[in-house]
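J.: Next comes the structure file final10.txt, holding compact mmCIF, C-alpha atoms and all ligand atoms.
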# COMPACT_ATOMS: atom_id res chain seq x y z
CA LYS B 1 -2.87 21.53 5.96
CA LYS B 2 -5.89 19.25 5.78
CA GLU B 3 -6.80 20.83 2.44
CA GLU B 4 -3.28 20.41 1.13
CA TRP B 5 -3.37 16.73 2.14
CA ALA B 6 -6.77 16.12 0.57
CA LYS B 7 -5.39 17.08 -2.83
CA LEU B 8 -2.88 14.25 -2.59
CA VAL B 9 -5.36 11.38 -2.23
CA ASN B 10 -4.95 10.21 -5.81
CA GLU B 11 -1.37 11.38 -6.31
CA PRO B 12 1.68 9.12 -6.41
CA SER B 13 4.10 8.99 -3.45
CA ILE B 14 7.13 10.71 -4.84
CA THR B 15 9.99 12.91 -3.65
CA LYS B 16 10.84 16.36 -4.94
CA ASP B 17 13.47 14.77 -7.19
CA GLY B 18 11.26 12.01 -8.52
CA THR B 19 12.03 8.98 -6.33
CA ARG B 20 8.97 6.79 -6.08
CA VAL B 21 8.13 4.88 -2.88
CA GLU B 22 5.00 3.05 -1.82
CA LEU B 23 2.85 4.37 1.01
CA ALA B 24 0.66 1.60 2.37
CA ALA B 25 -1.61 1.18 5.37
CA ASN B 26 -1.84 -1.25 8.28
CA ILE B 27 -5.24 -2.81 8.96
CA GLY B 28 -6.73 -5.13 11.55
CA THR B 29 -10.07 -5.96 9.92
CA PRO B 30 -11.79 -5.42 6.56
CA ASP B 31 -13.78 -2.64 8.31
CA ASP B 32 -10.63 -0.52 8.30
CA LEU B 33 -10.65 -0.40 4.50
CA SER B 34 -12.78 2.70 4.03
CA GLY B 35 -10.22 4.72 6.01
CA VAL B 36 -7.46 3.26 3.88
CA LEU B 37 -9.13 4.21 0.60
CA ASP B 38 -10.18 7.67 1.85
CA ASN B 39 -6.58 8.40 2.76
CA GLY B 40 -5.17 7.29 -0.55
CA ALA B 41 -2.96 4.40 0.60
CA GLU B 42 -1.56 2.54 -2.42
CA GLY B 43 -1.74 -0.83 -0.75
CA ILE B 44 -1.95 -2.72 2.51
CA GLY B 45 1.48 -3.28 4.01
CA LEU B 46 0.21 -5.25 6.99
CA TYR B 47 -3.11 -6.99 7.51
CA ARG B 48 -3.00 -8.29 11.08
CA THR B 49 -5.14 -11.42 10.72
CA GLU B 50 -5.13 -12.22 14.44
CA PHE B 51 -8.24 -10.09 14.90
CA LEU B 52 -10.19 -12.71 12.94
CA TYR B 53 -9.24 -15.23 15.61
CA MET B 54 -9.72 -13.08 18.70
CA GLY B 55 -12.81 -12.30 20.80
CA ARG B 56 -14.62 -15.55 19.98
CA ASN B 57 -14.88 -19.14 21.16
CA GLU B 58 -13.59 -21.15 18.26
CA LEU B 59 -11.25 -20.93 15.29
CA PRO B 60 -12.54 -19.15 12.19
CA ASP B 61 -13.06 -21.75 9.46
CA GLU B 62 -11.58 -21.66 5.97
CA GLU B 63 -14.69 -20.14 4.38
CA GLU B 64 -14.90 -17.26 6.83
CA GLN B 65 -11.22 -16.45 6.35
CA PHE B 66 -11.49 -16.77 2.58
CA GLU B 67 -14.33 -14.23 2.53
CA ALA B 68 -12.42 -11.76 4.70
CA TYR B 69 -9.21 -11.96 2.65
CA LYS B 70 -11.05 -11.86 -0.69
CA ASN B 71 -12.98 -8.81 0.43
CA VAL B 72 -9.78 -6.92 1.25
CA LEU B 73 -8.05 -8.00 -1.97
CA GLU B 74 -10.98 -7.00 -4.15
CA LYS B 75 -11.48 -3.62 -2.49
CA MET B 76 -7.79 -2.78 -2.93
CA ASN B 77 -8.35 -3.12 -6.63
CA GLY B 78 -4.96 -4.45 -7.70
CA GLY B 79 -2.95 -2.64 -5.00
CA ALA B 80 -0.54 -4.90 -3.11
CA VAL B 81 -2.02 -6.52 0.00
CA VAL B 82 0.45 -8.04 2.44
CA ILE B 83 -1.44 -10.46 4.65
CA ARG B 84 0.39 -11.62 7.74
CA THR B 85 -0.32 -15.12 8.99
CA LEU B 86 -1.54 -15.53 12.55
CA ASP B 87 0.57 -13.64 15.10
CA ILE B 88 -0.91 -14.83 18.37
CA GLY B 89 0.77 -15.42 21.74
CA GLY B 90 2.84 -12.82 23.56
CA ASP B 91 0.26 -10.32 24.74
CA LYS B 92 -2.48 -11.66 22.45
CA GLU B 93 -4.27 -14.71 23.83
CA LEU B 94 -6.77 -17.14 22.34
CA PRO B 95 -8.88 -18.76 25.08
CA TYR B 96 -9.74 -21.79 22.93
CA LEU B 97 -6.11 -22.63 22.13
CA ASP B 98 -4.98 -23.43 25.65
CA LEU B 99 -1.56 -21.79 25.36
CA PRO B 100 0.98 -22.50 28.08
CA SER B 101 1.54 -19.70 30.58
CA GLU B 102 5.13 -18.58 30.36
CA LEU B 103 7.47 -16.41 32.38
CA ASN B 104 8.45 -14.41 29.29
CA PRO B 105 5.57 -14.57 26.80
CA PHE B 106 7.33 -12.16 24.43
CA LEU B 107 10.23 -14.59 24.22
CA GLY B 108 7.95 -17.58 24.07
CA TYR B 109 5.53 -19.62 22.13
CA ARG B 110 3.92 -17.29 19.62
CA ALA B 111 3.33 -16.43 15.97
CA ILE B 112 5.18 -18.66 13.49
CA ARG B 113 6.52 -20.80 16.34
CA LEU B 114 2.98 -21.71 17.27
CA CYS B 115 1.72 -22.06 13.70
CA LEU B 116 4.45 -24.56 12.85
CA GLU B 117 3.18 -26.73 15.74
CA GLU B 118 -0.55 -26.18 15.20
CA LYS B 119 -0.29 -27.37 11.62
CA GLU B 120 -3.98 -27.90 10.91
CA MET B 121 -4.80 -24.39 12.04
CA PHE B 122 -1.95 -23.01 9.91
CA ARG B 123 -2.94 -25.03 6.85
CA THR B 124 -6.52 -23.76 7.09
CA GLN B 125 -5.29 -20.18 7.01
CA LEU B 126 -2.93 -20.86 4.10
CA ARG B 127 -5.71 -22.56 2.12
CA ALA B 128 -7.96 -19.54 2.63
CA LEU B 129 -5.13 -17.19 1.62
CA LEU B 130 -4.19 -19.04 -1.57
CA ARG B 131 -7.81 -19.28 -2.65
CA ALA B 132 -8.41 -15.59 -1.96
CA GLY B 133 -5.17 -14.73 -3.79
CA ALA B 134 -6.93 -15.31 -7.09
CA TYR B 135 -8.91 -12.08 -6.44
CA GLY B 136 -6.11 -9.55 -6.15
CA ASN B 137 -2.46 -8.79 -5.55
CA LEU B 138 -1.71 -10.96 -2.51
CA LYS B 139 1.61 -11.22 -0.70
CA ILE B 140 1.95 -13.60 2.24
CA MET B 141 4.07 -12.67 5.25
CA PHE B 142 5.20 -14.80 8.19
CA PRO B 143 5.62 -13.12 11.60
CA MET B 144 8.39 -13.52 14.23
CA VAL B 145 10.72 -15.52 12.05
CA ALA B 146 14.01 -16.11 13.90
CA THR B 147 15.68 -18.77 11.74
CA ILE B 148 15.82 -19.64 8.07
CA GLU B 149 14.51 -23.12 8.91
CA GLU B 150 11.26 -21.60 10.13
CA PHE B 151 10.85 -19.78 6.86
CA ARG B 152 11.66 -22.89 4.84
CA GLU B 153 9.20 -24.98 6.78
CA ALA B 154 6.41 -22.42 6.46
CA LYS B 155 7.10 -22.13 2.74
CA SER B 156 7.05 -25.87 2.28
CA ILE B 157 3.68 -26.14 4.05
CA LEU B 158 2.43 -23.40 1.75
CA GLU B 159 3.57 -25.36 -1.33
CA ASP B 160 1.98 -28.48 0.03
CA VAL B 161 -1.33 -26.70 0.63
CA LYS B 162 -1.20 -25.31 -2.90
CA ASN B 163 -0.83 -28.81 -4.33
CA ASP B 164 -3.75 -30.05 -2.26
CA LEU B 165 -5.95 -27.26 -3.55
CA LYS B 166 -5.05 -28.05 -7.15
CA GLN B 167 -5.80 -31.72 -6.66
CA GLU B 168 -9.20 -30.76 -5.32
CA GLY B 169 -9.80 -28.83 -8.54
CA LEU B 170 -9.62 -25.44 -6.80
CA GLN B 171 -7.56 -22.58 -8.18
CA PRO B 172 -4.95 -21.31 -5.73
CA ALA B 173 -3.08 -18.14 -6.66
CA GLU B 174 0.24 -18.88 -8.38
CA ASP B 175 3.40 -16.84 -7.85
CA VAL B 176 2.34 -15.24 -4.58
CA GLU B 177 5.30 -13.35 -3.13
CA THR B 178 6.27 -14.82 0.23
CA GLY B 179 8.15 -12.72 2.75
CA ILE B 180 8.87 -12.28 6.42
CA MET B 181 8.59 -9.73 9.17
CA VAL B 182 12.04 -8.68 10.37
CA GLU B 183 11.31 -8.06 14.02
CA ILE B 184 13.84 -10.29 15.78
CA PRO B 185 17.48 -9.15 15.93
CA SER B 186 18.80 -12.54 14.75
CA THR B 187 16.92 -12.09 11.51
CA ALA B 188 18.08 -8.52 11.05
CA ALA B 189 21.67 -9.58 11.73
CA ALA B 190 21.45 -12.44 9.21
CA ALA B 191 19.34 -10.51 6.71
CA ASP B 192 21.76 -11.30 3.86
CA ILE B 193 21.10 -15.01 4.37
CA PHE B 194 17.33 -14.56 4.47
CA ALA B 195 17.38 -12.25 1.46
CA LYS B 196 18.47 -15.10 -0.79
CA GLU B 197 15.29 -17.05 -0.04
CA VAL B 198 12.49 -14.62 0.78
CA ASP B 199 10.70 -12.40 -1.74
CA PHE B 200 10.56 -9.39 0.58
CA PHE B 201 11.16 -8.07 4.07
CA SER B 202 8.86 -5.95 6.18
CA ILE B 203 10.63 -4.50 9.20
CA GLY B 204 8.48 -4.71 12.32
CA THR B 205 10.03 -2.01 14.44
CA ASN B 206 7.48 -2.31 17.25
CA ASP B 207 9.04 -5.63 18.19
CA LEU B 208 12.50 -5.10 16.70
CA ILE B 209 13.10 -2.10 18.96
CA GLN B 210 11.97 -3.89 22.11
CA TYR B 211 14.12 -6.94 21.36
CA THR B 212 17.16 -4.91 20.32
CA MET B 213 17.01 -2.66 23.36
CA ALA B 214 15.70 -5.42 25.67
CA ALA B 215 12.98 -2.99 26.75
CA ASP B 216 9.36 -4.14 26.93
CA ARG B 217 7.31 -1.84 24.74
CA MET B 218 4.53 -1.83 27.36
CA SER B 219 6.62 -1.26 30.51
CA GLU B 220 6.62 2.29 31.81
CA LYS B 221 9.76 1.93 33.88
CA VAL B 222 11.90 1.11 30.86
CA SER B 223 10.03 3.02 28.19
CA HIS B 224 12.87 5.57 27.98
CA LEU B 225 14.98 2.74 26.53
CA TYR B 226 12.46 2.00 23.81
CA GLN B 227 14.26 4.18 21.25
CA PRO B 228 13.31 4.02 17.58
CA TYR B 229 16.15 6.41 16.73
CA HIS B 230 18.87 4.60 18.61
CA PRO B 231 21.79 4.14 16.19
CA ALA B 232 21.68 0.37 16.83
CA VAL B 233 18.11 0.25 15.52
CA LEU B 234 18.95 2.47 12.54
CA ARG B 235 21.93 0.31 11.68
CA LEU B 236 19.82 -2.84 11.73
CA VAL B 237 17.25 -1.17 9.49
CA LYS B 238 20.00 -0.08 7.10
CA GLN B 239 21.49 -3.56 7.03
CA VAL B 240 18.13 -5.19 6.30
CA ILE B 241 17.36 -2.80 3.43
CA GLU B 242 20.81 -3.24 1.89
CA ALA B 243 20.60 -7.03 2.19
CA ALA B 244 17.26 -7.00 0.36
CA HIS B 245 18.55 -4.74 -2.41
CA ASN B 246 21.68 -6.83 -2.90
CA GLU B 247 19.41 -9.73 -3.84
CA GLY B 248 17.03 -7.63 -5.93
CA LYS B 249 14.26 -7.84 -3.31
CA TRP B 250 12.22 -5.05 -1.76
CA ALA B 251 12.13 -3.92 1.86
CA GLY B 252 9.25 -2.29 3.68
CA MET B 253 8.48 -1.28 7.22
CA CYS B 254 5.18 -1.85 9.00
CA GLY B 255 6.06 -0.81 12.56
CA GLU B 256 4.70 2.48 13.94
CA MET B 257 7.99 4.16 13.12
CA ALA B 258 7.31 4.08 9.37
CA GLY B 259 4.73 6.86 9.63
CA GLU B 260 6.62 9.23 11.92
CA GLU B 261 7.65 12.61 10.57
CA THR B 262 11.15 12.20 12.03
CA ALA B 263 11.53 8.73 10.53
CA VAL B 264 10.37 9.36 6.95
CA PRO B 265 13.49 11.28 5.80
CA LEU B 266 15.80 8.83 7.57
CA LEU B 267 14.08 5.78 6.08
CA LEU B 268 13.99 7.34 2.63
CA GLY B 269 17.71 7.96 2.97
CA LEU B 270 18.31 4.36 4.02
CA GLY B 271 16.52 3.22 0.85
CA LEU B 272 13.22 1.88 2.21
CA ASP B 273 10.87 0.90 -0.63
CA GLU B 274 7.54 0.64 1.15
CA PHE B 275 6.25 2.49 4.21
CA SER B 276 3.20 0.98 5.91
CA MET B 277 1.46 3.01 8.58
CA SER B 278 -1.89 3.86 10.09
CA ALA B 279 -4.15 5.21 7.37
CA THR B 280 -4.28 8.70 8.87
CA SER B 281 -0.50 9.09 8.46
CA VAL B 282 -0.46 8.38 4.72
CA LEU B 283 -1.34 11.85 3.42
CA PRO B 284 0.97 13.72 5.83
CA ALA B 285 3.79 11.38 4.76
CA ARG B 286 3.00 11.87 1.06
CA SER B 287 3.05 15.61 1.55
CA GLN B 288 6.35 15.41 3.45
CA LEU B 289 7.96 13.33 0.68
CA LEU B 290 7.25 16.12 -1.80
CA THR B 291 9.59 18.35 0.20
CA LEU B 292 12.51 15.87 0.27
CA THR B 293 15.21 14.85 -2.16
CA LYS B 294 16.70 11.39 -2.08
CA GLU B 295 20.19 12.84 -1.97
CA GLU B 296 19.69 15.02 1.10
CA ALA B 297 17.89 12.15 2.82
CA GLN B 298 20.85 9.87 2.10
CA GLU B 299 23.25 12.41 3.58
CA LEU B 300 21.05 12.73 6.64
CA ALA B 301 20.87 8.96 7.15
CA ALA B 302 24.61 8.49 6.67
CA GLU B 303 25.26 11.03 9.41
CA ALA B 304 22.53 9.69 11.70
CA VAL B 305 23.80 6.10 11.88
CA ASN B 306 27.12 7.38 13.20
CA LEU B 307 25.74 9.52 16.01
CA PRO B 308 26.07 8.13 19.54
CA THR B 309 22.52 8.66 20.83
CA ALA B 310 18.89 8.65 19.75
CA LYS B 311 18.52 12.21 21.07
CA GLU B 312 21.24 13.42 18.75
CA VAL B 313 19.63 11.66 15.78
CA GLU B 314 16.31 13.33 16.50
CA ALA B 315 18.02 16.69 16.99
CA LEU B 316 19.85 16.30 13.67
CA VAL B 317 16.63 15.62 11.75
CA TYR B 318 15.10 18.69 13.37
CA GLU B 319 18.08 21.01 12.89
CA LYS B 320 18.43 20.12 9.23
CA GLY B 321 14.88 21.36 8.74
CA PHE B 322 13.16 18.06 7.98
CA ILE B 323 10.42 18.61 10.58
CA ARG B 324 7.64 20.96 9.63
CA SER B 325 5.11 20.50 12.42
C1 LIG A 1 5.86 -4.90 14.69
O1 LIG A 1 6.30 -5.68 15.53
O2 LIG A 1 6.44 -3.86 14.34
C2 LIG A 1 4.58 -5.18 14.02
C3 LIG A 1 4.15 -4.44 13.02
O3 LIG A 1 3.85 -6.21 14.52
P1 LIG A 1 2.86 -6.07 15.76
O4 LIG A 1 2.83 -4.61 16.15
O5 LIG A 1 1.56 -6.60 15.30
O6 LIG A 1 3.55 -6.93 16.76
MG MG A 2 5.42 -7.65 15.84
Starting from the file, lay out its structure as structure tokens.
Ligand code: PEP
Ligand code: MG
T.:
Amino acid sequence: KKEEWAKLVNEPSITKDGTRVELAANIGTPDDLSGVLDNGAEGIGLYRTEFLYMGRNELPDEEEQFEAYKNVLEKMNGGAVVIRTLDIGGDKELPYLDLPSELNPFLGYRAIRLCLEEKEMFRTQLRALLRAGAYGNLKIMFPMVATIEEFREAKSILEDVKNDLKQEGLQPAEDVETGIMVEIPSTAAAADIFAKEVDFFSIGTNDLIQYTMAADRMSEKVSHLYQPYHPAVLRLVKQVIEAAHNEGKWAGMCGEMAGEETAVPLLLGLGLDEFSMSATSVLPARSQLLTLTKEEAQELAAEAVNLPTAKEVEALVYEKGFIRS
């Protein structure tokens, strides 16, 4: 198997009947890049920038961020790099930010909610991103967006920062695609509205599943309710992808689900354009795609979204012979 996978490092990600998708990798720091390149990922579907901010005593400055982003963009050599703006709060704390302690941190002050309040901090990150964007194929993504107003405000700050940079005689990247994580059910439910204004969606199933099922992804007592294959989750995913396509936009997924052997045929059938996963899952997924046709995946997905339980969805994928391991 390992040998079979190794042959696919420089091959395109394509199904048996010629449907092309993008297989990308998730990273936390530039150090993860060698694994990404060794495993033949075509791009970065999620760069979690919070790690730049964590485990230290003060905010990273613009220069430090610029260097980190530029490094990733250059090493990806023209491949798309989706960089997510700071997603802190919830379970991820920053000692130097003095965040309020909340009863429900996962429903609280985090990610884009925090960045829209801490404007200087946000602007510094956006400056670094736009400057680094000149060195590769950058796409900017905002996390935990729940309302279209949040997206509009973030976008307007981005435009403002771009103008500042130009006035200073610096050269910010032009035409950077700007998208959102779809990880809150309100955004999935209103995906058609968002699709008119964003350039792309990336579905964050790690959070989307916990919010849809109201089951903390870390809590053992309710972990049986954390069901990636629950028809409610699959229907939201389907709705988000269709909403994107209706507006001529692309839809990806950067939650853990995107790299699972059970999920790949379902997501292909639902029309997902980009799958972003841990680097080690890229070659197995590429090899799996070679065994699938778009048509049989579409039939599978159409049946799956109408089944009553996650167990039955998983059983269907298995019984139809989509699982090889
Ligand atoms: C997600 O929620 O699916 C996601 C990719 O973001 P994170 O795991 O960083 O919350
Ligand atoms: Mg998330």
J.: Can you tell me which residues come within 7 Å of ligand MG 2 (chain A) when counting only C-alpha atoms and all ligand atoms, ideally as a PDB file with C-alpha atoms, in the frame of the given file?
T.:
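Dumped everything to result04.pdb:
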ATOM      1  CA  PRO B 143       5.620 -13.120  11.600  1.00  0.00           C
ATOM      2  CA  MET B 144       8.390 -13.520  14.230  1.00  0.00           C
ATOM      3  CA  GLU B 183      11.310  -8.060  14.020  1.00  0.00           C
ATOM      4  CA  GLY B 204       8.480  -4.710  12.320  1.00  0.00           C
ATOM      5  CA  ASN B 206       7.480  -2.310  17.250  1.00  0.00           C
ATOM      6  CA  ASP B 207       9.040  -5.630  18.190  1.00  0.00           C
TER       7      ASP B 207
END
J.: I'd like the neighbourhood of Val264 of chain B as a count of residues only, where a residue qualifies if any of its atoms comes within 10 Å (using only C-alpha atoms), though same-chain residues fewer than 3 positions away should be ignored.
T.: 19
J.: Grab me every residue within 10 Å of ligand LIG 1 (chain A), counting only C-alpha atoms and all ligand atoms, and send it over as a PyMOL selection string.
T.: chain B and resi 26+28+45-50+84+86-88+90-92+111+143-144+181-184+202-211+253-258+276-277
J.: Given only C-alpha atoms as the basis, pick out the residue of B:Asp31, B:Glu247, B:Glu58, B:Glu295 nearest to Lys196 of chain B.
T.: B:Glu247
J.: Work out how far atom CA of Phe201 of chain B is from atom CA of Ile27 of chain B, in Å to one decimal.
T.: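 According to the coordinates, atom CA of Ile27 of chain B and atom CA of Phe201 of chain B are separated by 17.9 Å.
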J.: Which residues, written as a list in words, have at least one atom at most 6 Å from segment 40-44 of chain B, with only C-alpha atoms counted and residues fewer than 3 positions away on the same chain left out?
T.: Val9, Leu23, Ala24, Ala25, Asn26, Val36, Leu37, Gly79, Ala80, Val81 and Val82 of chain B
J.: Go ahead and dump the residues you just picked, C-alpha atoms, as a PDB file, keeping the file's coordinate frame.
T.:
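Now in part.pdb:
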ATOM      1  CA  VAL B   9      -5.360  11.380  -2.230  1.00  0.00           C
ATOM      2  CA  LEU B  23       2.850   4.370   1.010  1.00  0.00           C
ATOM      3  CA  ALA B  24       0.660   1.600   2.370  1.00  0.00           C
ATOM      4  CA  ALA B  25      -1.610   1.180   5.370  1.00  0.00           C
ATOM      5  CA  ASN B  26      -1.840  -1.250   8.280  1.00  0.00           C
ATOM      6  CA  VAL B  36      -7.460   3.260   3.880  1.00  0.00           C
ATOM      7  CA  LEU B  37      -9.130   4.210   0.600  1.00  0.00           C
ATOM      8  CA  GLY B  79      -2.950  -2.640  -5.000  1.00  0.00           C
ATOM      9  CA  ALA B  80      -0.540  -4.900  -3.110  1.00  0.00           C
ATOM     10  CA  VAL B  81      -2.020  -6.520   0.000  1.00  0.00           C
ATOM     11  CA  VAL B  82       0.450  -8.040   2.440  1.00  0.00           C
TER      12      VAL B  82
END
J.: If we count all atoms listed in the file, what is near segment 304-309 of chain B at a cut-off of 10 Å, once residues fewer than 5 positions away on the same chain are taken out, given as an MDAnalysis selection string?
T.: chainID B and resid 227 229:236 238 266 270 298:299 314:317
J.: Hey, which of B:Arg113, B:Ala310, B:Val21, B:Ala301 ends up closest to Leu225 of chain B? Count all atoms listed in the file.
T.: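 Between B:Arg113, B:Ala310, B:Val21, B:Ala301, the residue approaching Leu225 of chain B most closely is B:Ala310.
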J.: Please provide the set of residues having any atom within 12 Å of Glu93 of chain B, restricted to all atoms listed in the file, with same-chain residues fewer than 6 positions apart removed, written as a ChimeraX atom specification.
T.: /B:50-51,53-57,86-87,99-101,105-106,109-111
J.: What would the list of residues within 10 Å of (3.4, -19.7, 0.3) (file frame) look like as an mmCIF file with C-alpha atoms, in the coordinates of the input, if only C-alpha atoms are what count?
T.:
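Result file is part.cif:
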data_model
loop_
_atom_site.group_PDB
_atom_site.id
_atom_site.type_symbol
_atom_site.label_atom_id
_atom_site.label_comp_id
_atom_site.auth_asym_id
_atom_site.auth_seq_id
_atom_site.Cartn_x
_atom_site.Cartn_y
_atom_site.Cartn_z
ATOM 1 C CA LEU B 126 -2.930 -20.860 4.100
ATOM 2 C CA ARG B 127 -5.710 -22.560 2.120
ATOM 3 C CA LEU B 129 -5.130 -17.190 1.620
ATOM 4 C CA LEU B 130 -4.190 -19.040 -1.570
ATOM 5 C CA LYS B 139 1.610 -11.220 -0.700
ATOM 6 C CA ILE B 140 1.950 -13.600 2.240
ATOM 7 C CA MET B 141 4.070 -12.670 5.250
ATOM 8 C CA PHE B 142 5.200 -14.800 8.190
ATOM 9 C CA PHE B 151 10.850 -19.780 6.860
ATOM 10 C CA ARG B 152 11.660 -22.890 4.840
ATOM 11 C CA ALA B 154 6.410 -22.420 6.460
ATOM 12 C CA LYS B 155 7.100 -22.130 2.740
ATOM 13 C CA SER B 156 7.050 -25.870 2.280
ATOM 14 C CA ILE B 157 3.680 -26.140 4.050
ATOM 15 C CA LEU B 158 2.430 -23.400 1.750
ATOM 16 C CA GLU B 159 3.570 -25.360 -1.330
ATOM 17 C CA ASP B 160 1.980 -28.480 0.030
ATOM 18 C CA VAL B 161 -1.330 -26.700 0.630
ATOM 19 C CA LYS B 162 -1.200 -25.310 -2.900
ATOM 20 C CA ALA B 173 -3.080 -18.140 -6.660
ATOM 21 C CA GLU B 174 0.240 -18.880 -8.380
ATOM 22 C CA ASP B 175 3.400 -16.840 -7.850
ATOM 23 C CA VAL B 176 2.340 -15.240 -4.580
ATOM 24 C CA GLU B 177 5.300 -13.350 -3.130
ATOM 25 C CA THR B 178 6.270 -14.820 0.230
ATOM 26 C CA GLY B 179 8.150 -12.720 2.750
#
J.: Choose the residue, out of B:Arg131, B:Tyr318, B:Pro284, B:Glu149, that has the smallest atom-to-atom separation from Glu3 of chain B; count all atoms listed in the file.
T.: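 Nearest candidate to Glu3 of chain B out of B:Arg131, B:Tyr318, B:Pro284, B:Glu149: B:Pro284.
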J.: Have segment 9-30 of chain B completed to N, CA and C atoms, please, and pass it along as an mmCIF file, in the coordinates of the input.
T.:
data_model
loop_
_atom_site.group_PDB
_atom_site.id
_atom_site.type_symbol
_atom_site.label_atom_id
_atom_site.label_comp_id
_atom_site.auth_asym_id
_atom_site.auth_seq_id
_atom_site.Cartn_x
_atom_site.Cartn_y
_atom_site.Cartn_z
ATOM 1 N N VAL B 9 -4.767 12.715 -2.368
ATOM 2 C CA VAL B 9 -5.360 11.380 -2.230
ATOM 3 C C VAL B 9 -5.077 10.486 -3.428
ATOM 4 N N ASN B 10 -5.162 11.052 -4.617
ATOM 5 C CA ASN B 10 -4.950 10.210 -5.810
ATOM 6 C C ASN B 10 -3.590 10.426 -6.471
ATOM 7 N N GLU B 11 -2.702 11.097 -5.754
ATOM 8 C CA GLU B 11 -1.370 11.380 -6.310
ATOM 9 C C GLU B 11 -0.398 10.254 -5.958
ATOM 10 N N PRO B 12 0.659 10.115 -6.755
ATOM 11 C CA PRO B 12 1.680 9.120 -6.410
ATOM 12 C C PRO B 12 2.499 9.586 -5.200
ATOM 13 N N SER B 13 3.222 8.649 -4.578
ATOM 14 C CA SER B 13 4.100 8.990 -3.450
ATOM 15 C C SER B 13 5.494 9.167 -4.022
ATOM 16 N N ILE B 14 5.920 10.401 -4.083
ATOM 17 C CA ILE B 14 7.130 10.710 -4.840
ATOM 18 C C ILE B 14 7.877 11.864 -4.176
ATOM 19 N N THR B 15 9.204 11.817 -4.240
ATOM 20 C CA THR B 15 9.990 12.910 -3.650
ATOM 21 C C THR B 15 10.101 14.057 -4.635
ATOM 22 N N LYS B 16 10.648 15.161 -4.114
ATOM 23 C CA LYS B 16 10.840 16.360 -4.940
ATOM 24 C C LYS B 16 11.666 16.051 -6.181
ATOM 25 N N ASP B 17 12.612 15.104 -6.050
ATOM 26 C CA ASP B 17 13.470 14.770 -7.190
ATOM 27 C C ASP B 17 13.059 13.475 -7.891
ATOM 28 N N GLY B 18 11.802 13.086 -7.684
ATOM 29 C CA GLY B 18 11.260 12.010 -8.520
ATOM 30 C C GLY B 18 11.494 10.580 -8.063
ATOM 31 N N THR B 19 11.900 10.357 -6.823
ATOM 32 C CA THR B 19 12.030 8.980 -6.330
ATOM 33 C C THR B 19 10.670 8.487 -5.861
ATOM 34 N N ARG B 20 10.273 7.348 -6.400
ATOM 35 C CA ARG B 20 8.970 6.790 -6.080
ATOM 36 C C ARG B 20 9.096 5.819 -4.908
ATOM 37 N N VAL B 21 8.214 5.908 -3.921
ATOM 38 C CA VAL B 21 8.130 4.880 -2.880
ATOM 39 C C VAL B 21 6.665 4.458 -2.786
ATOM 40 N N GLU B 22 6.397 3.424 -2.012
ATOM 41 C CA GLU B 22 5.000 3.050 -1.820
ATOM 42 C C GLU B 22 4.571 3.418 -0.411
ATOM 43 N N LEU B 23 3.425 4.088 -0.296
ATOM 44 C CA LEU B 23 2.850 4.370 1.010
ATOM 45 C C LEU B 23 1.625 3.476 1.181
ATOM 46 N N ALA B 24 1.717 2.579 2.142
ATOM 47 C CA ALA B 24 0.660 1.600 2.370
ATOM 48 C C ALA B 24 0.104 1.771 3.774
ATOM 49 N N ALA B 25 -0.985 1.052 4.054
ATOM 50 C CA ALA B 25 -1.610 1.180 5.370
ATOM 51 C C ALA B 25 -1.631 -0.154 6.109
ATOM 52 N N ASN B 26 -1.676 -0.066 7.436
ATOM 53 C CA ASN B 26 -1.840 -1.250 8.280
ATOM 54 C C ASN B 26 -3.318 -1.384 8.620
ATOM 55 N N ILE B 27 -3.843 -2.612 8.554
ATOM 56 C CA ILE B 27 -5.240 -2.810 8.960
ATOM 57 C C ILE B 27 -5.358 -4.028 9.901
ATOM 58 N N GLY B 28 -6.437 -4.020 10.663
ATOM 59 C CA GLY B 28 -6.730 -5.130 11.550
ATOM 60 C C GLY B 28 -7.923 -5.947 11.063
ATOM 61 N N THR B 29 -8.883 -5.270 10.441
ATOM 62 C CA THR B 29 -10.070 -5.960 9.920
ATOM 63 C C THR B 29 -10.488 -5.312 8.597
ATOM 64 N N PRO B 30 -11.305 -6.014 7.812
ATOM 65 C CA PRO B 30 -11.790 -5.420 6.560
ATOM 66 C C PRO B 30 -12.531 -4.093 6.798
#
